[in-house]
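J.: Pasting a structure below so you can have a look.
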Amino acid sequence: KLGTLSPQTKHISKEEEEKCTLGILERLDAGEVVVGDGGFLLTLEKRGYVKAGLWTPEAVVEHPNAVRQLHMEFLRAGSNVMQTFTFSANEDNMESQYFEYAEEAVWAVEVLKESGKPVAATMCIGPEGDMHGVTPGECAVKLVKAGASIIGVNCRFGPWTSLKTMRLMKEGLQAAGLKAHLMVQSLVFHMPDCGKGGFVDLPEYPFALEPRVATRWDIQKYAREAYNLGIRYIGGCCGFEPYHIRAIAEELAPERGFLPPASEKHGSWGSGLNMHTKPWIRARARREYWENLLPASGRPFCPSLSKPDV
């Protein structure tokens, strides 16, 4: 049970040490949950290290300690995998820098297969499919046939839309008699009103998205739904802060067998509020309260939904 788990420490058993040497496919083949990292561009822009627009990662050179610190925060929050901060780092980057077309993603997989390493391929698509109308299920089949061992979606869409897309990808693989490990790294924003282009078409992008940020409890639900869908690589993209990654790690702690170090300062489902001096706040130290809460935005004239520009 979750209550019997404790955060990881630097002291690990020989068995755990040997487990650390396993590759990602060995972990996924064994049914292990792999927790990804979160967002870098928007997070570092908020911290003053990235300039919006081209979103180039010069912070790696100009402020390496800031990038290193964010990596450490994701690690402490429970991430198993750290991705390099290299988005838009090359002069010849694609016009979108996203994989919005299945054809381009397939080319990339075919080239990467030549390395002899496992290939994970995620696309920036929603339930409507890629920009040429290729359905999520068809995209999944194309990626696996090209040689990808791990397939899924990342960026552009929020948690619930991304999970809907993943369900369609899974169904496509099942219909074709194919298998692959599933991976999801959604945005952190609630955006059921976005169009096929995702959050970049919202009028709030990129400087007024804060009212749409999912709570830690939302992300625990996202993690559980992803797990129940059969997804074993679960992380986040733009907007995901370390505490959101901690929420994934905490929700799936029973399956992983441990809590992340960052949970040392975070009581499960608000249990730390038991020590509060105000009785009405102590009453919130329970799962039922936070699971059923409908948080307000605090903006009385703010529309619940907006109209995308495109």
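Here's how to read the names in the structure tokens: chain A, B, ... by the order shown, residue numbers from 1 in each chain, ligand numbers from 1 in the order shown.
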Quick one: residues within 9 Å of stretch 69-83 of chain A, only C-alpha atoms, excluding same-chain residues fewer than 3 positions away - as a ChimeraX atom specification?

T.: /A:34-38,40,43-44,64-66,86,235,241-250,259-263

J.: Name all residues at most 9 Å from A:Glu171 (count only C-alpha atoms; drop same-chain ones fewer than 5 positions away) and give them as a PyMOL selection string.

T.: chain A and resi 137+166+176

J.: Could you give me the residues within stretch 39-262 of chain A that DSSP places in strand (DSSP E), as number ranges by chain?

T.: A: 120-123, 150-154, 181-186, 233-236

J.: I'd like to know which of A:Ser271, A:Met191, A:Glu100, A:Glu45 is closest to A:Pro203, using only C-alpha atoms.

T.: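 For A:Pro203, the nearest of the candidates is A:Met191.
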
J.: Tell me which protein, DNA and RNA residues are within 10 Å of A:Lys221, counting only C-alpha atoms, leaving out same-chain ones fewer than 6 positions away, and put them as a PyMOL selection string.

T.: chain A and resi 159-160+227+247-248+251+291

J.: For atom CA of A:Thr21 and atom CA of A:Leu143, quote the distance in Å rounded to one decimal.

T.: 27.2 Å

J.: Could you give me the residues within stretch 27-258 of chain A that DSSP places in helix (DSSP H, G or I), as a ChimeraX atom specification?

T.: /A:27-29,41-46,59-62,64-77,102-113,136-146,159-176,198-201,210-212,216-228,242-251,253-256

J.: Name the closest residue to A:Val111 among the candidates A:Cys139, A:Cys194, A:Ala146, A:Val134; distances are taken between atoms, counting only C-alpha atoms.

T.: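 With only C-alpha atoms as the atom set, the closest residue is A:Ala146.
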
J.: Hey, which of A:Ala105, A:Ile125, A:Leu202, A:Leu294 ends up closest to A:Met169? Count only C-alpha atoms.

T.: A:Ile125

J.: Closest to A:Tyr233 among A:Arg286, A:His132, A:Arg299, A:His181, using only C-alpha atoms?

T.: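 Closest to A:Tyr233, using only C-alpha atoms: A:His181.
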
J.: Rank nothing, just name the residue among A:Cys238, A:Val33, A:Ala148, A:Leu25 nearest to A:Phe258, using only C-alpha atoms.

T.: A:Val33

J.: To one decimal place in Å, what is the distance between atom CA of A:Thr135 and atom CA of A:Arg232?

T.: 22.2 Å
